[in-house]
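entry.cif (mmCIF, C-alpha atoms, pLDDT in the B column; chains and numbers go by the auth columns) appears below.
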```cif
data_target
#
loop_
_atom_site.group_PDB
_atom_site.id
_atom_site.type_symbol
_atom_site.label_atom_id
_atom_site.label_comp_id
_atom_site.label_asym_id
_atom_site.label_seq_id
_atom_site.Cartn_x
_atom_site.Cartn_y
_atom_site.Cartn_z
_atom_site.B_iso_or_equiv
_atom_site.auth_seq_id
_atom_site.auth_asym_id
ATOM 1 C CA MET A 1 44.070 45.782 -75.583 82.00 26 E
ATOM 2 C CA HIS A 2 46.119 48.835 -74.751 88.00 27 E
ATOM 3 C CA PRO A 3 49.873 48.015 -74.725 91.00 28 E
ATOM 4 C CA HIS A 4 50.278 49.335 -71.166 91.00 29 E
ATOM 5 C CA LYS A 5 47.485 47.075 -69.945 92.00 30 E
ATOM 6 C CA PHE A 6 49.104 44.096 -71.674 94.00 31 E
ATOM 7 C CA THR A 7 52.434 44.950 -70.031 94.00 32 E
ATOM 8 C CA LEU A 8 50.712 45.199 -66.653 93.00 33 E
ATOM 9 C CA TRP A 9 49.205 41.734 -67.055 95.00 34 E
ATOM 10 C CA ILE A 10 52.619 40.289 -67.976 95.00 35 E
ATOM 11 C CA GLY A 11 54.080 41.895 -64.849 94.00 36 E
ATOM 12 C CA LEU A 12 51.241 40.603 -62.683 95.00 37 E
ATOM 13 C CA GLY A 13 51.856 37.105 -64.024 96.00 38 E
ATOM 14 C CA SER A 14 55.490 37.392 -62.938 95.00 39 E
ATOM 15 C CA VAL A 15 54.467 38.557 -59.477 95.00 40 E
ATOM 16 C CA ILE A 16 52.025 35.653 -59.180 96.00 41 E
ATOM 17 C CA MET A 17 54.803 33.218 -60.072 96.00 42 E
ATOM 18 C CA MET A 18 57.142 34.794 -57.506 95.00 43 E
ATOM 19 C CA PHE A 19 54.612 34.525 -54.683 95.00 44 E
ATOM 20 C CA ALA A 20 53.587 31.016 -55.755 95.00 45 E
ATOM 21 C CA GLY A 21 57.238 29.975 -55.539 96.00 46 E
ATOM 22 C CA LEU A 22 57.716 31.609 -52.152 94.00 47 E
ATOM 23 C CA THR A 23 54.583 30.103 -50.633 94.00 48 E
ATOM 24 C CA SER A 24 55.504 26.693 -52.081 94.00 49 E
ATOM 25 C CA ALA A 25 58.962 26.970 -50.504 92.00 50 E
ATOM 26 C CA TYR A 26 57.264 27.910 -47.222 91.00 51 E
ATOM 27 C CA ILE A 27 55.187 24.703 -47.332 91.00 52 E
ATOM 28 C CA VAL A 28 58.231 22.538 -48.112 91.00 53 E
ATOM 29 C CA ARG A 29 60.404 24.182 -45.448 89.00 54 E
ATOM 30 C CA ARG A 30 57.635 23.980 -42.834 88.00 55 E
ATOM 31 C CA ASN A 31 58.010 20.197 -42.656 86.00 56 E
ATOM 32 C CA GLN A 32 61.696 20.360 -41.695 83.00 57 E
ATOM 33 C CA ALA A 33 63.362 20.750 -38.302 79.00 58 E
ATOM 34 C CA ASN A 34 63.512 23.959 -36.216 78.00 59 E
ATOM 35 C CA TRP A 35 60.250 25.400 -37.521 81.00 60 E
ATOM 36 C CA LEU A 36 58.719 27.807 -35.014 79.00 61 E
ATOM 37 C CA GLU A 37 54.931 27.897 -34.841 80.00 62 E
ATOM 38 C CA PHE A 38 53.406 31.261 -33.939 79.00 63 E
ATOM 39 C CA SER A 39 50.240 33.182 -34.696 82.00 64 E
ATOM 40 C CA LEU A 40 50.120 36.437 -36.582 85.00 65 E
ATOM 41 C CA PRO A 41 49.181 39.405 -34.400 89.00 66 E
ATOM 42 C CA GLY A 42 45.614 40.678 -34.507 90.00 67 E
ATOM 43 C CA ILE A 43 46.736 43.918 -36.164 93.00 68 E
ATOM 44 C CA PHE A 44 46.989 41.973 -39.426 92.00 69 E
ATOM 45 C CA TRP A 45 43.204 41.573 -39.334 94.00 70 E
ATOM 46 C CA TYR A 46 42.904 45.358 -39.204 95.00 71 E
ATOM 47 C CA SER A 47 45.343 45.769 -42.076 94.00 72 E
ATOM 48 C CA THR A 48 43.239 43.310 -44.079 95.00 73 E
ATOM 49 C CA VAL A 49 40.121 45.394 -43.495 96.00 74 E
ATOM 50 C CA VAL A 50 42.068 48.534 -44.493 96.00 75 E
ATOM 51 C CA ILE A 51 43.263 47.079 -47.784 95.00 76 E
ATOM 52 C CA LEU A 52 39.790 45.728 -48.588 96.00 77 E
ATOM 53 C CA PHE A 53 38.299 49.152 -47.944 97.00 78 E
ATOM 54 C CA SER A 54 41.013 50.749 -50.120 96.00 79 E
ATOM 55 C CA SER A 55 40.021 48.445 -52.962 96.00 80 E
ATOM 56 C CA LEU A 56 36.441 49.673 -52.609 97.00 81 E
ATOM 57 C CA THR A 57 37.541 53.330 -52.669 97.00 82 E
ATOM 58 C CA MET A 58 39.691 52.618 -55.740 97.00 83 E
ATOM 59 C CA HIS A 59 36.705 51.085 -57.504 97.00 84 E
ATOM 60 C CA LEU A 60 34.548 54.087 -56.614 97.00 85 E
ATOM 61 C CA ALA A 61 37.308 56.466 -57.758 96.00 86 E
ATOM 62 C CA LEU A 62 37.430 54.785 -61.169 96.00 87 E
ATOM 63 C CA LYS A 63 33.649 55.012 -61.417 96.00 88 E
ATOM 64 C CA ALA A 64 33.758 58.715 -60.488 95.00 89 E
ATOM 65 C CA PHE A 65 36.464 59.385 -63.079 92.00 90 E
ATOM 66 C CA ARG A 66 34.447 57.669 -65.796 93.00 91 E
ATOM 67 C CA ALA A 67 31.440 59.793 -64.807 93.00 92 E
ATOM 68 C CA ARG A 68 33.731 62.871 -64.870 89.00 93 E
ATOM 69 C CA GLU A 69 32.900 63.667 -61.265 91.00 94 E
ATOM 70 C CA MET A 70 36.342 65.117 -60.595 89.00 95 E
ATOM 71 C CA PRO A 71 35.838 66.376 -57.009 92.00 96 E
ATOM 72 C CA ARG A 72 34.577 62.930 -55.972 95.00 97 E
ATOM 73 C CA TYR A 73 37.365 61.226 -57.920 93.00 98 E
ATOM 74 C CA ARG A 74 40.015 63.398 -56.217 91.00 99 E
ATOM 75 C CA LEU A 75 38.606 62.633 -52.777 95.00 100 E
ATOM 76 C CA LEU A 76 38.457 58.884 -53.412 96.00 101 E
ATOM 77 C CA ILE A 77 41.985 58.729 -54.858 93.00 102 E
ATOM 78 C CA THR A 78 43.237 60.630 -51.820 92.00 103 E
ATOM 79 C CA ILE A 79 41.482 58.198 -49.475 95.00 104 E
ATOM 80 C CA THR A 80 42.826 55.191 -51.406 95.00 105 E
ATOM 81 C CA ALA A 81 46.426 56.444 -51.203 91.00 106 E
ATOM 82 C CA ALA A 82 46.042 57.186 -47.485 93.00 107 E
ATOM 83 C CA LEU A 83 44.621 53.701 -46.867 94.00 108 E
ATOM 84 C CA GLY A 84 47.540 52.169 -48.769 91.00 109 E
ATOM 85 C CA LEU A 85 49.994 53.987 -46.511 92.00 110 E
ATOM 86 C CA LEU A 86 47.963 52.983 -43.451 95.00 111 E
ATOM 87 C CA PHE A 87 48.112 49.347 -44.576 93.00 112 E
ATOM 88 C CA ALA A 88 51.914 49.521 -44.820 90.00 113 E
ATOM 89 C CA CYS A 89 52.115 51.174 -41.380 93.00 114 E
ATOM 90 C CA LEU A 90 49.898 48.509 -39.822 94.00 115 E
ATOM 91 C CA GLN A 91 52.150 45.831 -41.294 91.00 116 E
ATOM 92 C CA VAL A 92 55.176 47.494 -39.679 90.00 117 E
ATOM 93 C CA VAL A 93 53.318 47.642 -36.346 94.00 118 E
ATOM 94 C CA GLY A 94 52.464 43.948 -36.674 91.00 119 E
ATOM 95 C CA PHE A 95 56.068 42.981 -37.275 87.00 120 E
ATOM 96 C CA SER A 96 57.229 45.233 -34.442 89.00 121 E
ATOM 97 C CA PHE A 97 54.775 43.396 -32.197 91.00 122 E
ATOM 98 C CA LEU A 98 56.275 40.066 -33.233 85.00 123 E
ATOM 99 C CA GLY A 99 59.776 41.378 -32.597 83.00 124 E
ATOM 100 C CA SER A 100 58.858 42.687 -29.163 87.00 125 E
ATOM 101 C CA HIS A 101 57.403 39.279 -28.291 83.00 126 E
ATOM 102 C CA GLY A 102 60.601 37.386 -29.072 80.00 127 E
ATOM 103 C CA VAL A 103 60.038 36.446 -32.716 79.00 128 E
ATOM 104 C CA GLN A 104 63.275 37.387 -34.487 80.00 129 E
ATOM 105 C CA LEU A 105 62.312 38.019 -38.115 81.00 130 E
ATOM 106 C CA LEU A 106 65.638 38.272 -39.911 83.00 131 E
ATOM 107 C CA GLY A 107 69.319 37.903 -39.175 81.00 132 E
ATOM 108 C CA GLN A 108 71.157 36.222 -36.308 82.00 133 E
ATOM 109 C CA GLY A 109 68.830 34.207 -34.079 78.00 134 E
ATOM 110 C CA SER A 110 65.932 34.250 -36.515 80.00 135 E
ATOM 111 C CA ASN A 111 63.757 31.273 -37.276 82.00 136 E
ATOM 112 C CA PRO A 112 62.972 30.125 -40.837 85.00 137 E
ATOM 113 C CA ALA A 113 59.221 30.513 -40.198 85.00 138 E
ATOM 114 C CA ALA A 114 59.577 34.141 -39.156 85.00 139 E
ATOM 115 C CA SER A 115 62.037 34.861 -41.965 87.00 140 E
ATOM 116 C CA PHE A 116 59.696 33.431 -44.590 89.00 141 E
ATOM 117 C CA ILE A 117 56.814 35.516 -43.309 88.00 142 E
ATOM 118 C CA ALA A 118 59.000 38.634 -43.167 88.00 143 E
ATOM 119 C CA VAL A 119 60.260 38.182 -46.721 92.00 144 E
ATOM 120 C CA ILE A 120 56.903 37.281 -48.251 92.00 145 E
ATOM 121 C CA THR A 121 54.919 40.016 -46.548 89.00 146 E
ATOM 122 C CA GLY A 122 57.784 42.465 -46.967 89.00 147 E
ATOM 123 C CA LEU A 123 57.683 41.889 -50.716 93.00 148 E
ATOM 124 C CA HIS A 124 53.934 42.408 -50.644 91.00 149 E
ATOM 125 C CA VAL A 125 54.332 45.696 -48.764 89.00 150 E
ATOM 126 C CA LEU A 126 56.866 46.805 -51.405 92.00 151 E
ATOM 127 C CA HIS A 127 54.265 46.097 -54.082 93.00 152 E
ATOM 128 C CA VAL A 128 51.677 48.050 -52.095 89.00 153 E
ATOM 129 C CA LEU A 129 54.095 50.979 -51.804 90.00 154 E
ATOM 130 C CA GLY A 130 54.623 50.786 -55.579 92.00 155 E
ATOM 131 C CA GLY A 131 50.854 51.044 -55.920 91.00 156 E
ATOM 132 C CA VAL A 132 50.838 54.036 -53.551 88.00 157 E
ATOM 133 C CA VAL A 133 53.435 55.739 -55.772 92.00 158 E
ATOM 134 C CA ALA A 134 51.206 55.116 -58.803 93.00 159 E
ATOM 135 C CA LEU A 135 48.243 56.465 -56.818 89.00 160 E
ATOM 136 C CA LEU A 136 50.247 59.553 -55.902 88.00 161 E
ATOM 137 C CA VAL A 137 51.077 60.150 -59.567 90.00 162 E
ATOM 138 C CA ILE A 138 47.425 60.039 -60.591 88.00 163 E
ATOM 139 C CA PHE A 139 46.576 62.037 -57.440 85.00 164 E
ATOM 140 C CA ILE A 140 48.941 64.822 -58.547 87.00 165 E
ATOM 141 C CA ARG A 141 47.508 64.696 -62.059 84.00 166 E
ATOM 142 C CA ALA A 142 43.977 64.900 -60.625 81.00 167 E
ATOM 143 C CA TYR A 143 44.822 68.131 -58.811 81.00 168 E
ATOM 144 C CA SER A 144 46.921 69.615 -61.622 78.00 169 E
ATOM 145 C CA SER A 145 45.201 72.617 -63.155 64.00 170 E
ATOM 146 C CA ARG A 146 46.901 72.191 -66.516 67.00 171 E
ATOM 147 C CA VAL A 147 45.920 68.541 -67.068 56.00 172 E
ATOM 148 C CA LYS A 148 42.341 68.198 -68.286 67.00 173 E
ATOM 149 C CA SER A 149 42.525 64.788 -69.954 69.00 174 E
ATOM 150 C CA TYR A 150 39.759 62.288 -69.377 76.00 175 E
ATOM 151 C CA ASN A 151 41.774 59.330 -70.655 83.00 176 E
ATOM 152 C CA VAL A 152 40.713 56.503 -68.360 90.00 177 E
ATOM 153 C CA THR A 153 43.551 54.099 -69.289 91.00 178 E
ATOM 154 C CA ARG A 154 45.960 55.283 -66.570 90.00 179 E
ATOM 155 C CA ILE A 155 43.309 55.040 -63.910 92.00 180 E
ATOM 156 C CA GLU A 156 42.241 51.573 -65.113 95.00 181 E
ATOM 157 C CA ILE A 157 45.855 50.349 -64.960 95.00 182 E
ATOM 158 C CA VAL A 158 46.375 51.675 -61.439 95.00 183 E
ATOM 159 C CA SER A 159 42.992 50.274 -60.407 96.00 184 E
ATOM 160 C CA THR A 160 43.804 46.822 -61.775 96.00 185 E
ATOM 161 C CA TYR A 161 47.164 46.835 -60.004 95.00 186 E
ATOM 162 C CA TRP A 162 45.593 48.011 -56.745 95.00 187 E
ATOM 163 C CA HIS A 163 42.937 45.297 -56.824 96.00 188 E
ATOM 164 C CA PHE A 164 45.691 42.784 -57.577 96.00 189 E
ATOM 165 C CA VAL A 165 47.729 43.691 -54.472 94.00 190 E
ATOM 166 C CA ASP A 166 44.505 43.495 -52.467 95.00 191 E
ATOM 167 C CA ILE A 167 43.721 39.987 -53.737 96.00 192 E
ATOM 168 C CA LEU A 168 47.357 38.991 -53.201 95.00 193 E
ATOM 169 C CA TRP A 169 47.193 40.093 -49.556 94.00 194 E
ATOM 170 C CA ILE A 170 43.947 38.161 -49.028 95.00 195 E
ATOM 171 C CA TYR A 171 45.668 35.067 -50.443 95.00 196 E
ATOM 172 C CA LEU A 172 48.717 35.562 -48.185 93.00 197 E
ATOM 173 C CA PHE A 173 46.603 36.301 -45.131 92.00 198 E
ATOM 174 C CA ILE A 174 44.534 33.146 -45.619 92.00 199 E
ATOM 175 C CA PHE A 175 47.676 31.154 -46.448 93.00 200 E
ATOM 176 C CA PHE A 176 49.498 32.183 -43.250 89.00 201 E
ATOM 177 C CA ASN A 177 46.448 31.643 -41.060 88.00 202 E
ATOM 178 C CA ILE A 178 45.555 28.201 -42.448 85.00 203 E
ATOM 179 C CA ILE A 179 48.898 26.634 -43.344 76.00 204 E
#
```
Go through the file and emit its structure as structure tokens.
Amino acid sequence: MHPHKFTLWIGLGSVIMMFAGLTSAYIVRRNQANWLEFSLPGIFWYSTVVILFSSLTMHLALKAFRAREMPRYRLLITITAALGLLFACLQVVGFSFLGSHGVQLLGQGSNPAASFIAVITGLHVLHVLGGVVALLVIFIRAYSSRVKSYNVTRIEIVSTYWHFVDILWIYLFIFFNII
């Protein structure tokens, strides 16, 4: 296994442990006093579709790179990065909706339920933005005229990370809608 891939898997294990701890704390805290029940806005469904579609475009981009179809690869990486940014924007819109409907997320007057959701999904959005940065790096390399390397390792690492944040969001989305 390539050392960078091994390092990625170690990092992903740490992220899994962090989110497992946070969602476990959410379950424990939910059974205590002053817990506010509220539904997530519908925009989160749209953001879920966006991140699922971005995972598909990432998969197709990796396939195109392996086939050395560079114009197709460039297009798909561009779409994946744009969808990642759109996902983050939709999350912000969703939280703005909650705020405008009286759900104080953080700070004075907030409720533990809203704060947990804000922290957990906020951390996820930070991980998505980290993935967008990685996508932008390989995007720039894809359009660079001086780089003509067909080393697939970088793309595989970014792809694995991108699919991970997708699966993580699906877990969180199901968790918040069922629990």
Box for segment 178-192 of chain E - axis-aligned, 6 Å on each of the six sides, all listed atoms - centre and size in Å to one decimal, as AutoDock Vina command-line options.
```
--center_x 45.0 --center_y 47.6 --center_z -60.9 --size_x 17.5 --size_y 27.3 --size_z 28.8
```
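Using all atoms listed in the file, every residue with an atom at most 10 Å from the point (42.9, 56.2, -49.1) is listed here: Val75, Ile76, Phe78, Ser79, Ser80, Leu81, Thr82, Met83, Leu100, Leu101, Ile102, Thr103, Ile104, Thr105, Ala106, Ala107, Leu108, Gly109, Leu110, Leu111, Phe112, Val157 and Leu160 of chain E.
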Extract, using all atoms listed in the file, all DNA, RNA and protein residues at most 12 Å from Gly36 of chain E, discarding same-chain residues fewer than 4 positions from it, and format them as an MDAnalysis selection string.
chainID E and resid 29:32 40:43 152 182 185:186 189
Go through E:Gly155, E:Pro28, E:Gly38, E:Gly119 one by one, measure the shortest atom-to-atom distance of each to Gly67 of chain E using all atoms listed in the file, and give the residue with the smallest value.
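Selected residue with least distance to Gly67 of chain E: E:Gly119.
Straight-line separation from atom CA of Ile165 of chain E to atom CA of Ile180 of chain E: 12.5 Å.
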Any chance you could work out the residue set of the PyMOL selection byres ((chain E and resi 120-124) around 12) here, as number ranges by chain?
E: 63-69, 113-119, 125-131, 134-136, 139-140, 142-144, 146-147, 150
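For Ile163 of chain E, the set of protein, DNA and RNA residues having any atom at most 9 Å away, when counting only C-alpha atoms and skipping those fewer than 4 positions along the same chain, is Ile102, Val158, Ala159, Ala167, Tyr168, Arg179, Ile180 and Val183 of chain E.
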Kindly give the distance, in Å, that separates atom CA of Arg55 of chain E and atom CA of Phe201 of chain E, rounded to a single decimal.
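Distance between the two atoms: 11.6 Å.
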Any idea what the distance is between atom CA of Arg99 of chain E and atom CA of Trp70 of chain E?
27.8 Å
With distances taken over all atoms listed in the file, which residue among E:Pro137, E:Thr73, E:Lys88, E:His27 lies nearest Asn59 of chain E?
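Nearest to Asn59 of chain E: E:Pro137.
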From the set E:Ile145, E:Asn202, E:Ala138, E:Arg93, which residue has the shortest atom-to-atom contact distance to Phe44 of chain E, counting only C-alpha atoms?
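When distances to Phe44 of chain E are compared using only C-alpha atoms, the smallest one comes from E:Ile145.
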12 Å contact set for Val53 of chain E, only C-alpha atoms, chain neighbours under 5 positions out, as JSON, numbers by chain:
{"E": [46, 47, 48, 58, 60, 137, 138, 141, 204]}
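Proximity to Phe164 of chain E was assessed for E:Tyr98, E:Tyr51, E:Phe198, E:Tyr71 counting only C-alpha atoms; the smallest distance is recorded for E:Tyr98.
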Incomplete segment 173-198 of chain E filled out to N, CA and C atoms as a CSV table (one decimal), in the coordinates of the input:
```
chain,number,residue,atom,x,y,z
E,173,LYS,N,43.8,68.3,-68.2
E,173,LYS,CA,42.3,68.2,-68.3
E,173,LYS,C,42.0,67.0,-69.2
E,174,SER,N,42.8,66.0,-69.1
E,174,SER,CA,42.5,64.8,-70.0
E,174,SER,C,41.6,63.8,-69.2
E,175,TYR,N,40.7,63.3,-70.0
E,175,TYR,CA,39.8,62.3,-69.4
E,175,TYR,C,40.1,60.9,-69.9
E,176,ASN,N,41.3,60.6,-70.2
E,176,ASN,CA,41.8,59.3,-70.7
E,176,ASN,C,41.8,58.4,-69.5
E,177,VAL,N,40.9,57.4,-69.5
E,177,VAL,CA,40.7,56.5,-68.4
E,177,VAL,C,41.8,55.4,-68.3
E,178,THR,N,42.6,55.2,-69.3
E,178,THR,CA,43.6,54.1,-69.3
E,178,THR,C,44.5,54.1,-68.1
E,179,ARG,N,45.1,55.2,-67.7
E,179,ARG,CA,46.0,55.3,-66.6
E,179,ARG,C,45.2,54.8,-65.3
E,180,ILE,N,44.1,55.4,-65.1
E,180,ILE,CA,43.3,55.0,-63.9
E,180,ILE,C,42.9,53.6,-63.9
E,181,GLU,N,42.6,53.0,-65.0
E,181,GLU,CA,42.2,51.6,-65.1
E,181,GLU,C,43.5,50.7,-64.8
E,182,ILE,N,44.6,51.1,-65.2
E,182,ILE,CA,45.9,50.3,-65.0
E,182,ILE,C,46.2,50.4,-63.5
E,183,VAL,N,46.1,51.6,-62.9
E,183,VAL,CA,46.4,51.7,-61.4
E,183,VAL,C,45.3,50.9,-60.7
E,184,SER,N,44.1,51.0,-61.1
E,184,SER,CA,43.0,50.3,-60.4
E,184,SER,C,43.2,48.8,-60.5
E,185,THR,N,43.5,48.3,-61.6
E,185,THR,CA,43.8,46.8,-61.8
E,185,THR,C,44.9,46.4,-60.9
E,186,TYR,N,46.0,47.2,-60.9
E,186,TYR,CA,47.2,46.8,-60.0
E,186,TYR,C,46.8,46.9,-58.5
E,187,TRP,N,46.0,47.9,-58.1
E,187,TRP,CA,45.6,48.0,-56.7
E,187,TRP,C,44.7,46.8,-56.3
E,188,HIS,N,43.8,46.4,-57.2
E,188,HIS,CA,42.9,45.3,-56.8
E,188,HIS,C,43.8,44.0,-56.8
E,189,PHE,N,44.8,43.9,-57.6
E,189,PHE,CA,45.7,42.8,-57.6
E,189,PHE,C,46.4,42.7,-56.2
E,190,VAL,N,47.0,43.8,-55.7
E,190,VAL,CA,47.7,43.7,-54.5
E,190,VAL,C,46.8,43.4,-53.3
E,191,ASP,N,45.5,43.8,-53.5
E,191,ASP,CA,44.5,43.5,-52.5
E,191,ASP,C,44.2,42.0,-52.5
E,192,ILE,N,44.0,41.4,-53.6
E,192,ILE,CA,43.7,40.0,-53.7
E,192,ILE,C,44.9,39.2,-53.3
E,193,LEU,N,46.1,39.7,-53.6
E,193,LEU,CA,47.4,39.0,-53.2
E,193,LEU,C,47.5,39.0,-51.7
E,194,TRP,N,47.1,40.1,-51.0
E,194,TRP,CA,47.2,40.1,-49.6
E,194,TRP,C,46.2,39.1,-49.0
E,195,ILE,N,45.0,39.1,-49.5
E,195,ILE,CA,43.9,38.2,-49.0
E,195,ILE,C,44.5,36.7,-49.1
E,196,TYR,N,45.1,36.4,-50.3
E,196,TYR,CA,45.7,35.1,-50.4
E,196,TYR,C,46.7,34.8,-49.4
E,197,LEU,N,47.6,35.7,-49.2
E,197,LEU,CA,48.7,35.6,-48.2
E,197,LEU,C,48.2,35.5,-46.8
E,198,PHE,N,47.2,36.3,-46.5
E,198,PHE,CA,46.6,36.3,-45.1
E,198,PHE,C,45.9,35.0,-44.8
```
